[in-house]
file work.pdb (PDB, C-alpha atoms, pLDDT in the B column)
MODEL        1
ATOM      1  CA  MET V   1     -43.058  24.448  51.762  1.00 61.00           C
ATOM      2  CA  SER V   2     -41.074  24.379  48.683  1.00 69.00           C
ATOM      3  CA  ILE V   3     -40.971  21.251  46.649  1.00 73.00           C
ATOM      4  CA  HIS V   4     -38.010  20.735  44.417  1.00 76.00           C
ATOM      5  CA  LYS V   5     -38.800  18.686  41.391  1.00 77.00           C
ATOM      6  CA  ARG V   6     -35.775  17.205  39.834  1.00 77.00           C
ATOM      7  CA  ILE V   7     -35.724  16.900  36.033  1.00 77.00           C
ATOM      8  CA  GLN V   8     -34.272  13.677  34.790  1.00 82.00           C
ATOM      9  CA  ALA V   9     -31.366  14.333  32.398  1.00 78.00           C
ATOM     10  CA  PHE V  10     -27.947  13.062  31.434  1.00 80.00           C
ATOM     11  CA  THR V  11     -24.924  14.349  33.201  1.00 88.00           C
ATOM     12  CA  VAL V  12     -22.166  16.175  31.370  1.00 89.00           C
ATOM     13  CA  SER V  13     -19.791  13.222  31.749  1.00 91.00           C
ATOM     14  CA  GLU V  14     -22.383  10.859  30.240  1.00 89.00           C
ATOM     15  CA  MET V  15     -22.840  13.213  27.276  1.00 92.00           C
ATOM     16  CA  VAL V  16     -19.058  13.424  26.747  1.00 93.00           C
ATOM     17  CA  VAL V  17     -18.793   9.629  26.746  1.00 93.00           C
ATOM     18  CA  VAL V  18     -21.617   9.410  24.171  1.00 92.00           C
ATOM     19  CA  LEU V  19     -19.922  12.044  21.981  1.00 94.00           C
ATOM     20  CA  ILE V  20     -16.578  10.227  22.151  1.00 96.00           C
ATOM     21  CA  ILE V  21     -18.133   6.874  21.261  1.00 96.00           C
ATOM     22  CA  THR V  22     -20.125   8.475  18.422  1.00 96.00           C
ATOM     23  CA  SER V  23     -17.020  10.160  16.997  1.00 95.00           C
ATOM     24  CA  ILE V  24     -15.120   6.839  17.109  1.00 96.00           C
ATOM     25  CA  VAL V  25     -17.965   5.034  15.292  1.00 95.00           C
ATOM     26  CA  VAL V  26     -18.249   7.803  12.670  1.00 95.00           C
ATOM     27  CA  GLY V  27     -14.441   7.780  12.172  1.00 95.00           C
ATOM     28  CA  LEU V  28     -14.471   3.998  11.653  1.00 95.00           C
ATOM     29  CA  ALA V  29     -17.388   4.304   9.227  1.00 95.00           C
ATOM     30  CA  PHE V  30     -15.499   6.862   7.118  1.00 94.00           C
ATOM     31  CA  SER V  31     -12.358   4.706   7.177  1.00 95.00           C
ATOM     32  CA  VAL V  32     -14.303   1.678   5.977  1.00 94.00           C
ATOM     33  CA  LEU V  33     -16.040   3.780   3.321  1.00 95.00           C
ATOM     34  CA  ASN V  34     -12.652   5.041   2.094  1.00 95.00           C
ATOM     35  CA  LEU V  35     -11.315   1.461   1.856  1.00 95.00           C
ATOM     36  CA  VAL V  36     -14.419   0.335  -0.045  1.00 94.00           C
ATOM     37  CA  GLN V  37     -14.086   3.264  -2.475  1.00 96.00           C
ATOM     38  CA  LYS V  38     -10.406   2.441  -3.139  1.00 95.00           C
ATOM     39  CA  HIS V  39     -11.322  -1.204  -3.701  1.00 95.00           C
ATOM     40  CA  MET V  40     -14.123  -0.242  -6.104  1.00 96.00           C
ATOM     41  CA  MET V  41     -11.741   2.056  -8.030  1.00 95.00           C
ATOM     42  CA  GLY V  42      -9.313  -0.865  -8.404  1.00 92.00           C
ATOM     43  CA  ILE V  43     -12.089  -3.120  -9.651  1.00 93.00           C
ATOM     44  CA  GLN V  44     -13.222  -0.451 -12.128  1.00 95.00           C
ATOM     45  CA  GLN V  45      -9.680   0.048 -13.460  1.00 89.00           C
ATOM     46  CA  ASN V  46      -9.231  -3.712 -13.931  1.00 87.00           C
ATOM     47  CA  PHE V  47     -12.602  -3.915 -15.664  1.00 91.00           C
ATOM     48  CA  ASN V  48     -11.694  -1.027 -17.990  1.00 89.00           C
ATOM     49  CA  LYS V  49      -8.351  -2.647 -18.884  1.00 86.00           C
ATOM     50  CA  LYS V  50     -10.033  -5.982 -19.574  1.00 88.00           C
ATOM     51  CA  ALA V  51     -12.791  -4.324 -21.622  1.00 90.00           C
ATOM     52  CA  THR V  52     -10.205  -2.419 -23.692  1.00 88.00           C
ATOM     53  CA  PHE V  53      -8.263  -5.636 -24.254  1.00 88.00           C
ATOM     54  CA  GLN V  54     -11.415  -7.483 -25.340  1.00 91.00           C
ATOM     55  CA  LYS V  55     -12.482  -4.654 -27.629  1.00 92.00           C
ATOM     56  CA  LEU V  56      -9.078  -4.677 -29.331  1.00 91.00           C
ATOM     57  CA  GLU V  57      -9.318  -8.450 -29.742  1.00 92.00           C
ATOM     58  CA  GLN V  58     -12.769  -8.183 -31.330  1.00 93.00           C
ATOM     59  CA  VAL V  59     -11.797  -5.364 -33.684  1.00 93.00           C
ATOM     60  CA  LEU V  60      -8.626  -7.142 -34.809  1.00 92.00           C
ATOM     61  CA  TYR V  61     -10.506 -10.411 -35.299  1.00 93.00           C
ATOM     62  CA  LEU V  62     -13.122  -8.680 -37.459  1.00 93.00           C
ATOM     63  CA  ASP V  63     -10.501  -6.878 -39.543  1.00 92.00           C
ATOM     64  CA  PHE V  64      -8.367 -10.004 -39.969  1.00 90.00           C
ATOM     65  CA  ASN V  65     -11.365 -11.842 -41.363  1.00 90.00           C
ATOM     66  CA  ARG V  66     -12.819  -8.928 -43.333  1.00 90.00           C
ATOM     67  CA  TYR V  67      -9.766  -7.883 -45.372  1.00 90.00           C
ATOM     68  CA  PRO V  68      -7.889 -10.240 -47.714  1.00 88.00           C
ATOM     69  CA  ASP V  69      -4.540  -8.383 -47.602  1.00 89.00           C
ATOM     70  CA  ILE V  70      -2.737  -7.511 -44.392  1.00 91.00           C
ATOM     71  CA  GLU V  71       0.638  -5.776 -44.462  1.00 93.00           C
ATOM     72  CA  PHE V  72       2.922  -4.582 -41.694  1.00 94.00           C
ATOM     73  CA  ASP V  73       5.349  -1.714 -42.195  1.00 93.00           C
ATOM     74  CA  ALA V  74       8.096  -2.066 -39.581  1.00 90.00           C
ATOM     75  CA  PHE V  75       9.573   1.378 -40.293  1.00 91.00           C
ATOM     76  CA  GLU V  76       6.335   3.227 -39.562  1.00 92.00           C
ATOM     77  CA  GLU V  77       5.016   0.587 -37.124  1.00 91.00           C
ATOM     78  CA  LYS V  78       1.703   0.366 -38.928  1.00 93.00           C
ATOM     79  CA  LEU V  79      -0.555  -2.527 -39.778  1.00 93.00           C
ATOM     80  CA  THR V  80      -2.658  -1.992 -42.903  1.00 94.00           C
ATOM     81  CA  PHE V  81      -5.684  -4.036 -43.862  1.00 92.00           C
ATOM     82  CA  LYS V  82      -6.649  -3.741 -47.542  1.00 91.00           C
ATOM     83  CA  SER V  83      -9.404  -4.869 -49.845  1.00 87.00           C
ATOM     84  CA  ASP V  84     -10.457  -3.729 -53.300  1.00 86.00           C
ATOM     85  CA  ILE V  85     -13.047  -1.436 -51.749  1.00 90.00           C
ATOM     86  CA  ASP V  86     -11.680  -0.293 -48.399  1.00 90.00           C
ATOM     87  CA  SER V  87      -8.672  -0.194 -46.097  1.00 91.00           C
ATOM     88  CA  THR V  88      -7.946   0.496 -42.452  1.00 93.00           C
ATOM     89  CA  THR V  89      -4.735   1.103 -40.519  1.00 93.00           C
ATOM     90  CA  TYR V  90      -3.504   0.391 -37.010  1.00 93.00           C
ATOM     91  CA  TRP V  91      -0.584   2.425 -35.673  1.00 93.00           C
ATOM     92  CA  PHE V  92       1.584   0.844 -32.963  1.00 91.00           C
ATOM     93  CA  LYS V  93       2.777   3.588 -30.597  1.00 88.00           C
ATOM     94  CA  GLU V  94       4.696   3.470 -27.322  1.00 82.00           C
ATOM     95  CA  ASN V  95       1.571   3.969 -25.219  1.00 84.00           C
ATOM     96  CA  GLY V  96      -0.857   1.817 -27.203  1.00 88.00           C
ATOM     97  CA  ILE V  97      -2.479   1.126 -30.546  1.00 91.00           C
ATOM     98  CA  ILE V  98      -4.366   3.690 -32.589  1.00 90.00           C
ATOM     99  CA  LYS V  99      -7.080   2.830 -35.099  1.00 90.00           C
ATOM    100  CA  GLU V 100      -9.138   5.815 -36.116  1.00 82.00           C
ATOM    101  CA  PRO V 101     -11.350   6.659 -34.255  1.00 83.00           C
ATOM    102  CA  ASP V 102     -10.307   4.210 -31.502  1.00 85.00           C
ATOM    103  CA  THR V 103      -7.293   4.370 -29.229  1.00 87.00           C
ATOM    104  CA  PHE V 104      -6.365   1.280 -27.249  1.00 89.00           C
ATOM    105  CA  ASN V 105      -4.229   2.323 -24.282  1.00 86.00           C
ATOM    106  CA  ILE V 106      -2.543  -1.018 -23.716  1.00 85.00           C
ATOM    107  CA  LEU V 107       1.205  -1.226 -23.274  1.00 84.00           C
ATOM    108  CA  TRP V 108       2.695  -4.117 -25.243  1.00 84.00           C
ATOM    109  CA  HIS V 109       5.712  -6.089 -24.177  1.00 82.00           C
ATOM    110  CA  ASN V 110       6.118  -8.054 -27.390  1.00 87.00           C
ATOM    111  CA  LYS V 111       4.673  -8.146 -30.902  1.00 90.00           C
ATOM    112  CA  ASP V 112       5.177 -11.155 -33.197  1.00 92.00           C
ATOM    113  CA  LEU V 113       4.071 -11.249 -36.836  1.00 93.00           C
ATOM    114  CA  PHE V 114       3.571 -14.436 -38.844  1.00 93.00           C
ATOM    115  CA  PHE V 115       3.029 -15.377 -42.461  1.00 90.00           C
ATOM    116  CA  LYS V 116       2.296 -18.978 -43.434  1.00 87.00           C
ATOM    117  CA  GLY V 117       3.480 -20.164 -40.017  1.00 87.00           C
ATOM    118  CA  SER V 118       6.850 -18.376 -40.085  1.00 90.00           C
ATOM    119  CA  LYS V 119       7.841 -15.298 -38.152  1.00 92.00           C
ATOM    120  CA  VAL V 120       8.264 -12.183 -40.269  1.00 92.00           C
ATOM    121  CA  SER V 121       9.169  -8.622 -39.397  1.00 89.00           C
ATOM    122  CA  ASN V 122       7.761  -6.771 -42.392  1.00 90.00           C
ATOM    123  CA  GLY V 123       5.370  -7.255 -45.335  1.00 90.00           C
ATOM    124  CA  ASN V 124       2.378  -9.577 -45.679  1.00 90.00           C
ATOM    125  CA  ILE V 125       1.114 -11.277 -42.533  1.00 91.00           C
ATOM    126  CA  ASP V 126      -1.682 -13.660 -41.685  1.00 89.00           C
ATOM    127  CA  ALA V 127      -1.265 -13.852 -37.890  1.00 92.00           C
ATOM    128  CA  LEU V 128      -0.409 -11.504 -35.063  1.00 93.00           C
ATOM    129  CA  LYS V 129       0.615 -12.294 -31.495  1.00 93.00           C
ATOM    130  CA  LEU V 130       0.638  -9.471 -28.969  1.00 91.00           C
ATOM    131  CA  THR V 131       1.851  -9.886 -25.400  1.00 89.00           C
ATOM    132  CA  ALA V 132       0.778  -7.194 -22.973  1.00 86.00           C
ATOM    133  CA  SER V 133       3.037  -5.600 -20.389  1.00 83.00           C
ATOM    134  CA  LYS V 134       3.165  -6.499 -16.718  1.00 80.00           C
ATOM    135  CA  GLU V 135       0.550  -3.802 -16.049  1.00 78.00           C
ATOM    136  CA  ASN V 136      -1.948  -5.908 -18.032  1.00 75.00           C
ATOM    137  CA  LYS V 137      -0.886  -9.207 -16.452  1.00 80.00           C
ATOM    138  CA  HIS V 138       1.098 -10.301 -19.543  1.00 82.00           C
ATOM    139  CA  ARG V 139      -2.098 -11.201 -21.388  1.00 86.00           C
ATOM    140  CA  THR V 140      -1.540 -12.676 -24.823  1.00 89.00           C
ATOM    141  CA  LEU V 141      -3.616 -11.928 -27.876  1.00 90.00           C
ATOM    142  CA  PHE V 142      -3.270 -14.184 -30.920  1.00 92.00           C
ATOM    143  CA  ILE V 143      -5.273 -13.356 -34.034  1.00 92.00           C
ATOM    144  CA  PHE V 144      -5.007 -15.204 -37.341  1.00 90.00           C
ATOM    145  CA  LYS V 145      -6.800 -15.670 -40.618  1.00 89.00           C
ATOM    146  CA  THR V 146      -6.945 -18.435 -43.164  1.00 85.00           C
ATOM    147  CA  ASN V 147      -5.568 -17.349 -46.515  1.00 77.00           C
ATOM    148  CA  ASP V 148      -7.798 -18.193 -49.426  1.00 70.00           C
ATOM    149  CA  ALA V 149      -6.689 -19.031 -52.955  1.00 66.00           C
ATOM    150  CA  THR V 150      -7.180 -15.467 -54.233  1.00 64.00           C
ATOM    151  CA  HIS V 151      -4.570 -14.246 -51.777  1.00 59.00           C
ATOM    152  CA  PHE V 152      -1.962 -16.584 -53.230  1.00 60.00           C
ATOM    153  CA  ILE V 153      -2.984 -15.805 -56.830  1.00 60.00           C
ATOM    154  CA  ASN V 154      -2.860 -12.024 -56.277  1.00 61.00           C
ATOM    155  CA  HIS V 155       0.576 -12.178 -54.661  1.00 58.00           C
ATOM    156  CA  GLY V 156       2.052 -14.813 -56.941  1.00 58.00           C
ATOM    157  CA  ILE V 157       2.909 -17.111 -54.076  1.00 57.00           C
TER
ENDMDL
END
call {"tool": "encode", "arguments": {"input": "work.pdb", "output": "structure tokens"}}
result
Amino acid sequence: MSIHKRIQAFTVSEMVVVLIITSIVVGLAFSVLNLVQKHMMGIQQNFNKKATFQKLEQVLYLDFNRYPDIEFDAFEEKLTFKSDIDSTTYWFKENGIIKEPDTFNILWHNKDLFFKGSKVSNGNIDALKLTASKENKHRTLFIFKTNDATHFINHGI
């Protein structure tokens, strides 16, 4: 007598169903991973833009309060901070602001210069208002300094 022992196993159709379900789950997992990566890239870009904006604000604030004389040259689009010992310059370019060794890649929609509360286009300034482009959500940066008596004595104002 021959005894046939049957081995318990999955049928081919059951294995195909498992493979199809597995491939669908793996495909969905990769799609979700791709969406999460795109979202994280967007968050990182926004963070980098905000960090650049904040760094520019801090550097301008420090320079406005460190240097007694601030002049803007409209022809060369440069902002020069001067003291008896040192000076530094910001260059306003189409794609951002350059201050050696920093480059601030922020597109500006509008730039307003002020001296003693009045708008000026060239010469001595004591306040600066920058409005960013749509790309940077039209953020506004306003930096000012209080002029001391030596400033008015030195300039004969």
call {"tool": "resolve_selection", "arguments": {"input": "work.pdb", "expression": "the PyMOL selection byres ((chain V and resi 69) around 10)", "output": "PyMOL selection string"}}
result
chain V and resi 64-68+70-71+80-84+87+124-126+147+151+154-155
call {"tool": "write_last_selection", "arguments": {"input": "work.pdb", "atoms": "C-alpha atoms", "output": "compact mmCIF listing (two decimals), in the coordinates of the input"}}
result
# COMPACT_ATOMS: atom_id res chain seq x y z
CA PHE V 64 -8.37 -10.00 -39.97
CA ASN V 65 -11.36 -11.84 -41.36
CA ARG V 66 -12.82 -8.93 -43.33
CA TYR V 67 -9.77 -7.88 -45.37
CA PRO V 68 -7.89 -10.24 -47.71
CA ILE V 70 -2.74 -7.51 -44.39
CA GLU V 71 0.64 -5.78 -44.46
CA THR V 80 -2.66 -1.99 -42.90
CA PHE V 81 -5.68 -4.04 -43.86
CA LYS V 82 -6.65 -3.74 -47.54
CA SER V 83 -9.40 -4.87 -49.84
CA ASP V 84 -10.46 -3.73 -53.30
CA SER V 87 -8.67 -0.19 -46.10
CA ASN V 124 2.38 -9.58 -45.68
CA ILE V 125 1.11 -11.28 -42.53
CA ASP V 126 -1.68 -13.66 -41.68
CA ASN V 147 -5.57 -17.35 -46.52
CA HIS V 151 -4.57 -14.25 -51.78
CA ASN V 154 -2.86 -12.02 -56.28
CA HIS V 155 0.58 -12.18 -54.66
call {"tool": "axis_aligned_box", "arguments": {"input": "work.pdb", "around": "range 116-129 of chain V", "padding_each_side": "3 Å", "output": "JSON"}}
result
{"center_x": 3.7, "center_y": -13.5, "center_z": -38.6, "size_x": 16.9, "size_y": 19.4, "size_z": 20.2}
call {"tool": "resolve_selection", "arguments": {"input": "work.pdb", "expression": "the PyMOL selection byres ((chain V and resi 129) around 9)", "output": "PyMOL selection string"}}
result
chain V and resi 110-114+127-128+130-131+140-144
call {"tool": "resolve_selection", "arguments": {"input": "work.pdb", "expression": "the PyMOL selection byres ((chain V and resi 139) around 10)", "output": "VMD selection string"}}
result
chain V and resid 50 53 108 to 109 130 to 138 140 to 141
call {"tool": "atom_distance", "arguments": {"input": "work.pdb", "atom1": "CA of Phe115 in chain V", "atom2": "CA of Lys49 in chain V"}}
result
29.1 Å
call {"tool": "residues_around", "arguments": {"input": "work.pdb", "residues": "Val59 in chain V", "least_positions_apart": "4", "cutoff": "10 Å", "atoms": "all atoms listed in the file", "output": "PyMOL selection string"}}
result
chain V and resi 54-55+63-64+99+102
call {"tool": "atom_distance", "arguments": {"input": "work.pdb", "atom1": "CA of Lys38 in chain V", "atom2": "CA of Asn95 in chain V"}}
result
25.2 Å
call {"tool": "closest_residue", "arguments": {"input": "work.pdb", "among": "V:Val12, V:Thr88, V:Val36, V:Phe30", "to": "Leu62 in chain V", "atoms": "all atoms listed in the file"}}
result
V:Thr88
call {"tool": "closest_residue", "arguments": {"input": "work.pdb", "among": "V:Leu56, V:Ala51, V:Met41, V:Val26", "to": "Thr103 in chain V", "atoms": "all atoms listed in the file"}}
result
V:Leu56
call {"tool": "closest_residue", "arguments": {"input": "work.pdb", "among": "V:Thr52, V:Ser23, V:Gln58, V:Glu76", "to": "Gly96 in chain V", "atoms": "only C-alpha atoms"}}
result
V:Thr52
call {"tool": "atom_distance", "arguments": {"input": "work.pdb", "atom1": "CA of Lys116 in chain V", "atom2": "CA of Asp86 in chain V"}}
result
23.9 Å
call {"tool": "decode", "arguments": {"input": "work.pdb", "residues": "range 17-63 of chain V", "atoms": "C-alpha atoms", "output": "PDB file, in the first residue's frame"}}
result
ATOM      1  CA  VAL V  17      -2.804  37.484  -4.607  1.00  0.00           C
ATOM      2  CA  VAL V  18      -0.220  37.996  -1.830  1.00  0.00           C
ATOM      3  CA  LEU V  19       2.304  39.394  -4.337  1.00  0.00           C
ATOM      4  CA  ILE V  20      -0.273  41.791  -5.796  1.00  0.00           C
ATOM      5  CA  ILE V  21      -1.334  43.046  -2.368  1.00  0.00           C
ATOM      6  CA  THR V  22       2.314  43.423  -1.302  1.00  0.00           C
ATOM      7  CA  SER V  23       3.182  45.397  -4.442  1.00  0.00           C
ATOM      8  CA  ILE V  24       0.191  47.712  -3.859  1.00  0.00           C
ATOM      9  CA  VAL V  25       1.241  48.322  -0.229  1.00  0.00           C
ATOM     10  CA  VAL V  26       4.880  48.942  -1.227  1.00  0.00           C
ATOM     11  CA  GLY V  27       3.751  51.321  -4.024  1.00  0.00           C
ATOM     12  CA  LEU V  28       1.589  53.283  -1.563  1.00  0.00           C
ATOM     13  CA  ALA V  29       4.460  53.415   0.931  1.00  0.00           C
ATOM     14  CA  PHE V  30       6.808  54.887  -1.692  1.00  0.00           C
ATOM     15  CA  SER V  31       4.156  57.403  -2.765  1.00  0.00           C
ATOM     16  CA  VAL V  32       3.657  58.545   0.817  1.00  0.00           C
ATOM     17  CA  LEU V  33       7.423  58.709   1.346  1.00  0.00           C
ATOM     18  CA  ASN V  34       7.775  60.863  -1.786  1.00  0.00           C
ATOM     19  CA  LEU V  35       5.050  63.251  -0.547  1.00  0.00           C
ATOM     20  CA  VAL V  36       6.704  63.501   2.877  1.00  0.00           C
ATOM     21  CA  GLN V  37      10.092  64.236   1.272  1.00  0.00           C
ATOM     22  CA  LYS V  38       8.587  67.007  -0.900  1.00  0.00           C
ATOM     23  CA  HIS V  39       6.879  68.479   2.159  1.00  0.00           C
ATOM     24  CA  MET V  40      10.126  68.377   4.155  1.00  0.00           C
ATOM     25  CA  MET V  41      11.998  70.083   1.282  1.00  0.00           C
ATOM     26  CA  GLY V  42       9.386  72.867   1.307  1.00  0.00           C
ATOM     27  CA  ILE V  43       9.744  73.281   5.055  1.00  0.00           C
ATOM     28  CA  GLN V  44      13.543  73.391   4.738  1.00  0.00           C
ATOM     29  CA  GLN V  45      13.399  76.025   1.980  1.00  0.00           C
ATOM     30  CA  ASN V  46      11.041  78.195   4.051  1.00  0.00           C
ATOM     31  CA  PHE V  47      13.298  77.790   7.077  1.00  0.00           C
ATOM     32  CA  ASN V  48      16.374  78.769   5.039  1.00  0.00           C
ATOM     33  CA  LYS V  49      14.618  81.869   3.660  1.00  0.00           C
ATOM     34  CA  LYS V  50      13.486  82.901   7.136  1.00  0.00           C
ATOM     35  CA  ALA V  51      16.949  82.266   8.602  1.00  0.00           C
ATOM     36  CA  THR V  52      18.576  84.352   5.844  1.00  0.00           C
ATOM     37  CA  PHE V  53      16.074  87.143   6.458  1.00  0.00           C
ATOM     38  CA  GLN V  54      16.739  87.069  10.210  1.00  0.00           C
ATOM     39  CA  LYS V  55      20.498  87.007   9.708  1.00  0.00           C
ATOM     40  CA  LEU V  56      20.300  90.063   7.448  1.00  0.00           C
ATOM     41  CA  GLU V  57      18.153  91.832  10.042  1.00  0.00           C
ATOM     42  CA  GLN V  58      20.658  91.080  12.810  1.00  0.00           C
ATOM     43  CA  VAL V  59      23.684  92.142  10.772  1.00  0.00           C
ATOM     44  CA  LEU V  60      22.036  95.388   9.665  1.00  0.00           C
ATOM     45  CA  TYR V  61      20.894  96.141  13.213  1.00  0.00           C
ATOM     46  CA  LEU V  62      24.425  95.634  14.547  1.00  0.00           C
ATOM     47  CA  ASP V  63      25.979  97.790  11.829  1.00  0.00           C
TER      48      ASP V  63
END
